[in-house]
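Data block for final07.txt (compact mmCIF, C-alpha atoms and all ligand atoms):
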# COMPACT_ATOMS: atom_id res chain seq x y z
CA GLU U 87 0.00 0.00 0.00
CA ILE U 88 1.19 3.53 -0.66
CA ARG U 89 -0.26 6.85 0.38
CA LYS U 90 0.46 10.44 -0.51
CA ALA U 91 0.67 13.40 1.82
CA LEU U 92 0.82 17.03 0.75
CA TYR U 93 2.25 19.69 3.06
CA LYS U 94 2.33 23.44 2.96
CA VAL U 95 5.91 24.38 3.86
CA GLY U 96 6.95 27.73 5.29
CA GLY U 97 10.47 29.14 5.36
CA MET U 98 11.90 27.82 2.08
CA GLN U 99 13.85 30.45 0.22
CA CYS U 100 16.09 28.58 -2.18
CA SER U 101 16.69 25.25 -3.86
CA ALA U 102 19.13 24.25 -1.10
CA CYS U 103 16.25 24.58 1.37
CA ALA U 104 14.21 22.19 -0.77
CA ALA U 105 17.14 19.78 -1.04
CA SER U 106 17.58 19.69 2.74
CA ILE U 107 13.88 18.89 3.23
CA GLU U 108 14.04 16.15 0.61
CA LYS U 109 17.06 14.62 2.33
CA ALA U 110 15.45 14.82 5.79
CA VAL U 111 12.22 13.18 4.61
CA LYS U 112 13.91 10.47 2.53
CA ARG U 113 16.03 9.51 5.55
CA LEU U 114 12.87 8.15 7.22
CA THR U 115 12.05 4.48 6.78
CA GLY U 116 9.09 3.89 4.46
CA ILE U 117 9.44 6.91 2.18
CA GLN U 118 9.02 6.11 -1.50
CA ASP U 119 9.44 9.61 -2.89
CA ALA U 120 9.54 13.25 -1.83
CA THR U 121 9.07 16.17 -4.21
CA ILE U 122 9.65 19.65 -2.83
CA SER U 123 8.60 22.87 -4.57
CA VAL U 124 10.15 26.14 -3.44
CA LEU U 125 7.96 28.00 -5.93
CA HIS U 126 4.71 26.62 -4.51
CA ASN U 127 5.85 26.14 -0.90
CA LYS U 128 4.73 22.52 -0.99
CA ALA U 129 6.09 19.08 -0.18
CA GLN U 130 4.52 16.02 -1.80
CA VAL U 131 5.50 12.77 -0.12
CA VAL U 132 4.70 9.21 -1.19
CA TYR U 133 5.03 6.74 1.67
CA HIS U 134 4.27 3.26 2.96
CA PRO U 135 1.89 3.58 5.95
CA GLU U 136 3.13 0.33 7.49
CA PHE U 137 6.40 2.13 8.29
CA VAL U 138 5.78 5.85 8.60
CA ASN U 139 2.90 8.28 8.99
CA GLU U 140 1.90 11.85 8.17
CA GLU U 141 2.89 13.20 11.58
CA LEU U 142 6.39 11.66 11.52
CA ILE U 143 6.94 13.16 8.07
CA ARG U 144 5.68 16.52 9.28
CA GLU U 145 8.06 16.38 12.25
CA ALA U 146 11.01 15.57 9.97
CA ILE U 147 10.30 18.71 7.94
CA GLU U 148 9.99 20.76 11.14
CA ASP U 149 13.22 19.29 12.54
CA ALA U 150 14.96 20.38 9.33
CA GLY U 151 13.99 23.93 10.28
CA PHE U 152 10.79 24.61 8.36
CA GLU U 153 7.12 25.03 9.15
CA ALA U 154 4.98 22.19 7.83
CA THR U 155 1.19 21.89 7.72
CA LEU U 156 -0.58 18.83 6.37
CA MET U 157 -2.95 19.78 3.54
CA GLU U 158 -4.25 16.41 2.34
MO1 LIG L 201 20.20 29.31 1.84
MO2 LIG L 201 17.73 28.16 1.46
O1 LIG L 201 20.94 29.67 3.45
O2 LIG L 201 17.66 28.56 3.11
S1 LIG L 201 19.51 27.09 2.16
S2 LIG L 201 18.04 30.32 1.66
Encoded form (structure tokens):
Amino acid sequence: EIRKALYKVGGMQCSACAASIEKAVKRLTGIQDATISVLHNKAQVVYHPEFVNEELIREAIEDAGFEATLME
């Protein structure tokens, strides 16, 4: 099973910001893909719910230094 989570992300200013979020999220077990858009202030994450959940992903983005709000 895979699920998708979309987050509004605050605090990104450059592509290095997006790269650091992608790295932080992909470090979690159960992440299939993470696509970060500086332009749209969004993070789209595809994950396996047996291993990880929306809140753990949100916390990983926050721990990387950004504001994250689950959208859907
Ligand atoms: Mo550069 Mo993006 O310091 O924060 S990584 S603006």
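Considering all atoms listed in the file, the residue among U:Leu142, U:Val111, U:Ala150, U:Ala102 positioned nearest to U:Ala129 is U:Val111.
Nearest to U:Ala110 of all the residues U:Tyr133, U:Arg144, U:Val95, U:Arg89 is U:Arg144, based on only C-alpha atoms.
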To check your reading of the model: which residues sit at most 8 Å from ligand LIG 201 (chain L) when counting only C-alpha atoms and all ligand atoms? Write the answer as JSON, numbers by chain. {"U": [97, 98, 99, 100, 101, 102, 103, 104, 106]}
List every protein, DNA or RNA residue that has an atom no more than 9 Å from (3.3, 20.5, 3.7) in the file's coordinate frame, counting all atoms listed in the file, and report them as a ChimeraX atom specification. /U:91-96,127-131,144,147,153-158
Atom CA of U:Gly116 and atom CA of U:Gly151, how far apart in Å? 21.4 Å
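Our summary of the geometry notes that atom CA of U:Ser123 is positioned 24.5 Å from atom CA of U:Phe137.
Using only C-alpha atoms, the nearest neighbour of U:Glu140 within the list U:Ala105, U:Lys90, U:Thr121, U:Arg113 is U:Lys90.
Atom to atom, atom CA of U:Asn139 and atom CA of U:Leu125 stand 25.2 Å apart.
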